[in-house]
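Structure file final.cif (mmCIF, C-alpha atoms) is printed below.
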```cif
data_final
#
loop_
_atom_site.label_atom_id
_atom_site.label_comp_id
_atom_site.auth_asym_id
_atom_site.auth_seq_id
_atom_site.Cartn_x
_atom_site.Cartn_y
_atom_site.Cartn_z
CA MET A 12 20.87 -20.26 -19.65
CA GLN A 13 18.53 -22.48 -17.66
CA SER A 14 15.81 -24.29 -19.59
CA THR A 15 13.01 -24.05 -17.00
CA MET A 16 11.83 -21.42 -14.52
CA LYS A 17 9.41 -20.97 -11.65
CA ALA A 18 6.16 -19.24 -12.52
CA ALA A 19 2.81 -18.52 -10.86
CA VAL A 20 0.19 -19.77 -13.31
CA TYR A 21 -3.52 -19.06 -13.45
CA HIS A 22 -5.68 -22.07 -14.33
CA PRO A 23 -9.42 -21.68 -14.96
CA GLY A 24 -11.42 -22.72 -11.93
CA ASP A 25 -8.59 -22.18 -9.44
CA ASN A 26 -8.85 -19.31 -6.98
CA GLU A 27 -5.13 -19.47 -6.30
CA LEU A 28 -2.13 -19.39 -8.61
CA VAL A 29 -0.14 -22.59 -9.07
CA LEU A 30 3.64 -22.38 -8.73
CA GLU A 31 5.03 -24.50 -11.54
CA ASP A 32 8.24 -25.25 -13.40
CA VAL A 33 7.67 -24.06 -16.97
CA PRO A 34 10.00 -23.61 -19.97
CA VAL A 35 11.96 -20.37 -20.17
CA PRO A 36 10.43 -18.60 -23.19
CA THR A 37 12.43 -18.20 -26.38
CA PRO A 38 12.24 -14.68 -27.80
CA GLY A 39 11.07 -14.28 -31.39
CA PRO A 40 12.94 -12.16 -33.95
CA LYS A 41 11.42 -8.89 -32.67
CA GLN A 42 11.31 -9.89 -29.02
CA VAL A 43 13.54 -9.58 -25.96
CA LEU A 44 13.99 -12.08 -23.16
CA VAL A 45 13.72 -10.14 -19.91
CA LYS A 46 14.81 -11.38 -16.49
CA ILE A 47 12.09 -10.13 -14.15
CA ALA A 48 13.44 -7.89 -11.39
CA ALA A 49 10.10 -6.82 -9.89
CA SER A 50 6.39 -7.36 -10.55
CA GLY A 51 3.68 -5.42 -8.72
CA VAL A 52 0.65 -7.21 -7.30
CA CYS A 53 -2.63 -5.62 -8.37
CA HIS A 54 -6.34 -5.89 -7.54
CA SER A 55 -6.83 -6.83 -11.19
CA ASP A 56 -5.16 -10.14 -10.34
CA THR A 57 -7.74 -10.85 -7.65
CA PHE A 58 -10.46 -9.90 -10.14
CA ILE A 59 -9.15 -12.52 -12.58
CA LEU A 60 -9.02 -15.15 -9.83
CA SER A 61 -12.62 -14.36 -8.90
CA ALA A 62 -13.75 -15.45 -12.41
CA ALA A 63 -16.02 -12.40 -12.61
CA VAL A 64 -15.12 -12.43 -16.30
CA PRO A 65 -14.88 -16.13 -17.25
CA ASP A 66 -11.59 -16.97 -18.95
CA ASN A 67 -10.75 -20.47 -20.20
CA ARG A 68 -7.07 -19.73 -20.75
CA SER A 69 -4.12 -20.68 -18.56
CA PHE A 70 -1.39 -18.07 -18.31
CA ILE A 71 1.21 -16.53 -15.99
CA LEU A 72 -0.15 -13.52 -14.12
CA GLY A 73 1.74 -10.30 -13.39
CA HIS A 74 1.26 -7.14 -15.47
CA GLU A 75 3.33 -4.52 -13.59
CA ASN A 76 6.85 -5.48 -14.54
CA VAL A 77 10.44 -4.34 -14.81
CA GLY A 78 13.45 -6.46 -15.66
CA TYR A 79 16.83 -6.79 -17.31
CA ALA A 80 17.22 -7.50 -21.03
CA VAL A 81 19.22 -10.73 -21.29
CA GLU A 82 18.65 -12.02 -24.83
CA LEU A 83 17.71 -10.13 -27.99
CA GLY A 84 15.84 -11.44 -31.02
CA SER A 85 17.62 -11.33 -34.37
CA GLU A 86 15.73 -8.22 -35.57
CA VAL A 87 15.85 -6.22 -32.33
CA GLU A 88 17.59 -2.84 -32.36
CA GLY A 89 18.03 -0.16 -29.72
CA ILE A 90 17.79 -2.46 -26.69
CA VAL A 91 20.85 -2.79 -24.47
CA LYS A 92 21.60 -6.19 -22.93
CA GLY A 93 21.87 -5.95 -19.17
CA ALA A 94 19.92 -2.68 -18.98
CA LEU A 95 16.80 -2.30 -16.81
CA TYR A 96 13.48 -1.74 -18.59
CA ALA A 97 9.87 -1.20 -17.60
CA ILE A 98 7.41 -3.24 -19.64
CA TYR A 99 4.42 -1.55 -21.23
CA ASP A 100 1.47 -3.93 -21.16
CA VAL A 101 -0.77 -2.99 -24.05
CA VAL A 102 0.64 -2.95 -27.55
CA PRO A 103 -2.48 -2.52 -29.73
CA CYS A 104 -3.91 -5.79 -30.92
CA VAL A 105 -7.27 -7.11 -32.02
CA ALA A 106 -9.77 -8.67 -29.65
CA MET A 107 -9.38 -12.41 -29.17
CA ASN A 108 -11.54 -15.06 -27.54
CA ASN A 109 -14.44 -12.57 -27.58
CA LEU A 110 -12.51 -10.46 -25.06
CA PRO A 111 -11.34 -6.84 -25.46
CA PRO A 112 -7.66 -6.14 -26.24
CA ALA A 113 -6.98 -5.13 -22.62
CA LEU A 114 -7.75 -8.73 -21.59
CA ASN A 115 -5.22 -10.00 -24.13
CA SER A 116 -2.24 -8.17 -22.67
CA ILE A 117 0.80 -9.06 -20.58
CA GLY A 118 -0.25 -10.83 -17.40
CA ILE A 119 -3.91 -10.67 -18.45
CA GLY A 120 -4.28 -13.33 -21.11
CA ARG A 121 -0.66 -13.32 -22.22
CA ASN A 122 2.10 -14.65 -19.97
CA GLY A 123 3.18 -12.08 -17.39
CA GLY A 124 5.83 -11.34 -14.83
CA TYR A 125 5.12 -13.65 -11.90
CA ALA A 126 8.02 -15.67 -13.22
CA GLU A 127 11.77 -15.54 -13.55
CA TYR A 128 11.71 -14.57 -17.23
CA ILE A 129 9.33 -13.15 -19.83
CA ALA A 130 9.60 -12.68 -23.60
CA VAL A 131 8.15 -9.36 -24.79
CA ASN A 132 8.12 -7.29 -27.95
CA ALA A 133 11.00 -4.82 -28.07
CA GLU A 134 8.53 -1.97 -28.57
CA GLU A 135 7.04 -2.72 -25.15
CA LEU A 136 10.27 -1.81 -23.32
CA VAL A 137 10.89 1.60 -21.74
CA PRO A 138 14.30 2.37 -20.18
CA VAL A 139 14.31 2.85 -16.41
CA PRO A 140 16.22 5.97 -15.29
CA ASP A 141 19.58 5.31 -13.62
CA GLY A 142 19.43 4.89 -9.87
CA LEU A 143 15.74 3.96 -9.69
CA ALA A 144 15.22 0.71 -7.78
CA PRO A 145 13.35 -2.00 -9.74
CA GLU A 146 10.62 -2.39 -7.11
CA VAL A 147 9.94 1.36 -7.28
CA ALA A 148 10.15 1.54 -11.07
CA ALA A 149 7.63 -1.30 -11.33
CA VAL A 150 4.74 0.91 -10.23
CA ALA A 151 5.21 3.01 -13.38
CA SER A 152 4.10 -0.01 -15.40
CA ASP A 153 0.56 0.13 -14.04
CA ALA A 154 -0.21 1.61 -10.60
CA LEU A 155 1.30 5.03 -11.22
CA LEU A 156 0.48 5.02 -14.94
CA THR A 157 -3.20 4.42 -14.21
CA ALA A 158 -3.24 6.96 -11.37
CA TYR A 159 -1.49 9.51 -13.60
CA THR A 160 -4.00 8.95 -16.39
CA ALA A 161 -6.88 9.36 -13.95
CA VAL A 162 -5.52 12.56 -12.42
CA HIS A 163 -3.85 14.23 -15.39
CA GLU A 164 -5.66 13.00 -18.50
CA ILE A 165 -9.20 12.18 -17.37
CA ALA A 166 -9.76 14.56 -14.44
CA GLN A 167 -7.62 17.08 -16.36
CA LEU A 168 -5.74 18.32 -13.35
CA GLY A 169 -2.37 19.91 -13.93
CA PRO A 170 0.23 22.18 -12.35
CA GLY A 171 -1.38 25.21 -10.74
CA THR A 172 -4.83 23.68 -10.26
CA THR A 173 -6.95 25.06 -7.43
CA LYS A 174 -9.54 22.30 -7.49
CA ARG A 175 -10.73 20.32 -4.50
CA VAL A 176 -10.16 16.61 -5.08
CA LEU A 177 -11.32 13.56 -3.16
CA ILE A 178 -9.26 10.40 -3.54
CA TYR A 179 -11.56 7.52 -2.57
CA GLY A 180 -9.49 4.44 -1.66
CA VAL A 181 -5.89 5.03 -0.55
CA GLY A 182 -4.37 1.76 -1.70
CA GLY A 183 -1.68 0.84 -4.21
CA LEU A 184 -2.96 3.39 -6.75
CA GLY A 185 -4.78 5.84 -4.52
CA HIS A 186 -1.73 6.75 -2.42
CA LEU A 187 0.07 7.69 -5.64
CA ALA A 188 -2.89 9.81 -6.80
CA VAL A 189 -2.84 11.72 -3.48
CA GLN A 190 0.77 12.69 -4.13
CA LEU A 191 0.25 13.67 -7.76
CA ALA A 192 -2.85 15.79 -7.12
CA LYS A 193 -1.06 17.48 -4.21
CA TYR A 194 2.00 18.13 -6.40
CA TYR A 195 -0.25 19.83 -8.94
CA GLY A 196 -1.60 22.19 -6.29
CA ALA A 197 -5.02 20.65 -5.61
CA THR A 198 -6.57 20.65 -2.16
CA VAL A 199 -6.63 16.91 -1.58
CA TYR A 200 -9.00 14.93 0.60
CA ALA A 201 -9.00 11.18 1.08
CA CYS A 202 -11.53 8.58 2.13
CA ASP A 203 -10.81 5.04 3.25
CA TYR A 204 -12.33 2.74 5.82
CA LYS A 205 -8.88 1.61 7.03
CA PRO A 206 -7.18 3.78 9.68
CA ALA A 207 -3.72 2.89 8.28
CA ALA A 208 -4.73 4.11 4.83
CA ARG A 209 -6.10 7.36 6.23
CA GLU A 210 -2.90 7.91 8.18
CA LEU A 211 -0.90 7.29 5.02
CA ALA A 212 -2.98 9.84 3.10
CA LEU A 213 -2.37 12.49 5.77
CA SER A 214 1.36 11.76 5.77
CA LEU A 215 1.37 12.29 1.99
CA GLY A 216 -0.25 15.71 2.21
CA ALA A 217 -4.00 15.16 2.27
CA GLU A 218 -5.90 18.02 3.94
CA ARG A 219 -8.25 15.55 5.64
CA ALA A 220 -8.77 11.81 5.61
CA LEU A 221 -12.36 10.80 6.20
CA ASP A 222 -13.82 7.47 7.15
CA LEU A 223 -17.00 6.28 5.42
CA LEU A 224 -19.33 7.45 8.18
CA GLU A 225 -17.83 10.93 8.19
CA LEU A 226 -18.14 11.21 4.41
CA THR A 227 -21.73 9.94 4.52
CA ASN A 228 -22.75 12.39 7.24
CA GLU A 229 -21.03 15.39 5.68
CA THR A 230 -22.27 14.81 2.13
CA THR A 231 -25.79 14.23 3.43
CA ALA A 232 -25.62 17.52 5.35
CA GLY A 233 -24.14 19.28 2.34
CA THR A 234 -21.11 20.42 4.35
CA PHE A 235 -18.52 18.60 2.24
CA THR A 236 -18.16 19.08 -1.50
CA VAL A 237 -15.34 18.74 -3.99
CA ASP A 238 -14.82 19.40 -7.69
CA VAL A 239 -13.46 15.96 -8.55
CA VAL A 240 -13.74 12.49 -7.06
CA ILE A 241 -11.27 9.84 -8.22
CA ASP A 242 -12.72 6.51 -7.14
CA PHE A 243 -10.22 3.69 -6.78
CA VAL A 244 -12.89 1.36 -5.33
CA SER A 245 -15.86 1.81 -7.67
CA ASN A 246 -18.44 -0.19 -5.80
CA GLU A 247 -22.03 0.83 -5.07
CA GLN A 248 -21.14 2.58 -1.83
CA SER A 249 -18.14 4.53 -3.16
CA PHE A 250 -20.02 5.61 -6.29
CA THR A 251 -23.01 6.83 -4.29
CA LEU A 252 -20.78 8.80 -1.93
CA GLY A 253 -18.70 10.13 -4.82
CA LYS A 254 -21.76 11.47 -6.63
CA ALA A 255 -22.93 13.13 -3.43
CA ALA A 256 -19.55 14.81 -2.95
CA VAL A 257 -19.58 16.54 -6.37
CA ARG A 258 -23.24 17.54 -6.56
CA GLY A 259 -23.75 20.89 -8.23
CA ASP A 260 -26.69 23.09 -9.14
CA VAL A 261 -28.11 22.72 -12.67
CA PHE A 262 -28.88 26.46 -12.74
CA ASN A 263 -25.37 27.51 -11.69
CA LEU A 264 -23.62 27.36 -15.05
CA ASN A 265 -20.66 29.57 -14.24
CA GLY A 266 -18.34 26.73 -13.26
CA PRO A 267 -17.55 23.28 -14.61
CA PRO A 268 -19.69 20.30 -13.60
CA GLY A 269 -18.55 17.94 -10.89
CA THR A 270 -16.55 14.96 -12.10
CA VAL A 271 -16.38 11.37 -10.86
CA VAL A 272 -13.55 9.31 -12.32
CA LEU A 273 -13.94 5.55 -11.94
CA VAL A 274 -10.69 3.59 -11.63
CA GLY A 275 -11.57 0.59 -9.43
CA PHE A 276 -12.18 -2.66 -11.27
CA THR A 277 -15.34 -4.40 -10.05
CA ALA A 278 -18.37 -6.15 -11.48
CA ASP A 279 -20.73 -4.19 -9.23
CA GLN A 280 -23.87 -2.66 -10.75
CA LEU A 281 -23.53 1.05 -9.96
CA PRO A 282 -26.64 3.15 -9.19
CA LEU A 283 -27.02 5.56 -12.08
CA SER A 284 -29.74 7.63 -13.73
CA SER A 285 -29.52 10.41 -16.27
CA VAL A 286 -31.81 12.57 -14.14
CA ASP A 287 -29.46 12.21 -11.19
CA LEU A 288 -26.44 13.29 -13.26
CA ILE A 289 -28.16 16.08 -15.20
CA LEU A 290 -29.90 17.75 -12.25
CA TYR A 291 -26.73 17.77 -10.18
CA ARG A 292 -24.37 18.57 -13.10
CA THR A 293 -22.22 15.48 -12.69
CA ASN A 294 -19.95 13.89 -15.26
CA VAL A 295 -18.92 10.26 -14.80
CA LEU A 296 -15.76 9.12 -16.58
CA SER A 297 -13.59 6.02 -16.45
CA VAL A 298 -9.96 5.14 -16.96
CA LEU A 299 -7.98 2.08 -17.98
CA TYR A 300 -4.19 2.16 -18.02
CA GLY A 301 -2.45 4.84 -20.14
CA THR A 302 -0.07 5.53 -23.02
CA ILE A 303 3.55 4.50 -23.33
CA ASP A 304 4.54 8.19 -23.41
CA ASP A 305 2.75 8.71 -20.10
CA MET A 306 4.69 5.75 -18.69
CA LYS A 307 7.88 7.65 -19.52
CA VAL A 308 6.50 10.66 -17.63
CA CYS A 309 5.74 8.40 -14.65
CA LEU A 310 9.27 7.01 -14.59
CA ASP A 311 10.57 10.60 -14.60
CA LEU A 312 8.29 11.55 -11.69
CA LEU A 313 9.66 8.60 -9.74
CA ALA A 314 13.27 9.40 -10.64
CA LYS A 315 12.84 13.02 -9.48
CA GLY A 316 11.26 11.90 -6.21
CA VAL A 317 8.00 13.74 -6.92
CA ILE A 318 6.14 10.48 -6.32
CA ARG A 319 7.40 8.22 -3.54
CA PRO A 320 5.58 4.88 -3.57
CA VAL A 321 5.16 2.91 -0.39
CA VAL A 322 6.48 -0.47 -1.53
CA THR A 323 7.01 -3.81 0.20
CA THR A 324 8.77 -6.68 -1.57
CA GLU A 325 7.93 -10.39 -1.36
CA PRO A 326 9.39 -13.51 -3.01
CA LEU A 327 7.56 -15.30 -5.82
CA ALA A 328 6.85 -18.23 -3.51
CA LYS A 329 4.58 -15.97 -1.41
CA VAL A 330 2.48 -14.60 -4.28
CA ASN A 331 -0.71 -16.32 -3.09
CA LYS A 332 -0.19 -14.98 0.42
CA VAL A 333 0.10 -11.47 -1.01
CA LEU A 334 -3.04 -11.94 -3.12
CA ASP A 335 -4.93 -13.14 -0.05
CA GLU A 336 -3.75 -10.06 1.87
CA LEU A 337 -4.92 -7.86 -0.99
CA LYS A 338 -8.35 -9.51 -1.03
CA ALA A 339 -8.60 -8.95 2.72
CA SER A 340 -7.55 -5.27 2.41
CA GLU A 341 -4.50 -5.92 4.56
CA VAL A 342 -1.96 -4.24 2.25
CA THR A 343 -0.77 -0.67 2.78
CA GLY A 344 0.74 0.84 -0.34
CA ARG A 345 1.95 -1.58 -3.01
CA LYS A 346 3.36 -5.10 -2.68
CA VAL A 347 5.85 -6.16 -5.31
CA ILE A 348 7.02 -9.66 -6.18
CA VAL A 349 10.79 -10.04 -6.62
CA PRO A 350 11.51 -13.50 -8.07
CA GLY A 351 15.13 -13.35 -6.93
CA LEU A 352 14.16 -13.04 -3.26
CA THR A 353 14.28 -16.14 -1.08
CA ASN A 354 11.61 -16.99 1.48
#
```

Entire entry expressed as structure tokens:
Amino acid sequence: MQSTMKAAVYHPGDNELVLEDVPVPTPGPKQVLVKIAASGVCHSDTFILSAAVPDNRSFILGHENVGYAVELGSEVEGIVKGALYAIYDVVPCVAMNNLPPALNSIGIGRNGGYAEYIAVNAEELVPVPDGLAPEVAAVASDALLTAYTAVHEIAQLGPGTTKRVLIYGVGGLGHLAVQLAKYYGATVYACDYKPAARELALSLGAERALDLLELTNETTAGTFTVDVVIDFVSNEQSFTLGKAAVRGDVFNLNGPPGTVVLVGFTADQLPLSSVDLILYRTNVLSVLYGTIDDMKVCLDLLAKGVIRPVVTTEPLAKVNKVLDELKASEVTGRKVIVPGLTN
């Protein structure tokens, strides 16, 4: 076993990751050393690099990970060496450094998967179904898990639904939500300012894919309404348009209120008033990640081909290039880092 490995490390004050040689971690008694096979690149990484939430720690980024178990701690049971596992990010822990537990998780405070190896608790490992490629399975560790939670748990859509749903932002998570909502039976609409994203949404079964001007004009005229908006952008513009798309009548109490589900991770101040929500019967909810049991469901959806992620792989050496592309909205689908790839 090699003693050092390449890793992409976040240092406070840097707006890029630093590729460094660092020690290969040694697993503790209840931990497993995992050789990273794939690690998805997420907008949360760009949020960390923006320092919107100041963080004085240095750590390896990468929170959407799958890999092979290569070394087991002395007290580990039930994990098979050489088998492929998805890594669940959030094993409950207390808040540290005055930050919530979610900011003390794998790749977000704790060392993550933009590296050749990672040491994780055995309880964080979920077996990947046979035949599922690592770069596809990786999305179950965050992108699909979060989209599933938004659609299934928070918006409470399920098989047989007849609701009209707008997916706002057809990126790494949004294109998965389009497929899941469509699979459940919803009439799915999409909105994105990028033509490539709108084309992707249509190819995945969306009824229509609107640009921002179209959505603005049609919600203003009252000619476009939906039951649920799932907002994968969550900035001032998307929130305003989302509220307009689900506006109901306070005196029409026969149906459920409109629902806006916020998924996008931004520091924007969103325009909100109780009067606005009450008079137009609008509920605003939010989502962060999901349960380990839901991750298992997501892996099954991938294995059955119900959800087909659009995935592009890149080597670890190009992680900053990928992050720059993500910041510039130049990525279609999901980009995944594969440390074993060469340039």

Evaluate the PyMOL selection byres ((chain A and resi 320) around 8) and record the selected residues as number ranges by chain, following the chain and residue labels used in the document. A: 147, 150, 186-187, 318-319, 321-322, 344-345

Mind telling me what the PyMOL selection byres ((chain A and resi 88-99) around 6) catches here, as a list in words? Asn76, Val77, Gly78, Tyr79, Ala80, Val81, Val87, Asp100, Glu135, Leu136, Val137, Pro138 and Val139 of chain A

Long-range neighbours of Tyr200 in chain A as a PyMOL selection string, 10 Å cut-off, all atoms listed in the file, 6 positions minimum in chain: chain A and resi 175-179+189+192-193+209+212-213+216-221+237+240

Residue members of the PyMOL selection byres ((chain A and resi 241) around 9) in the file shown, as an NGL selection string: :A and (161-162 or 166 or 176-180 or 185 or 188 or 239-240 or 242-243 or 253 or 270-274)

Suppose you want the space between CA of Thr236 in chain A and CA of Ala278 in chain A; what is it in Å?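 CA of Ala278 in chain A lies at a distance of 27.1 Å from CA of Thr236 in chain A.
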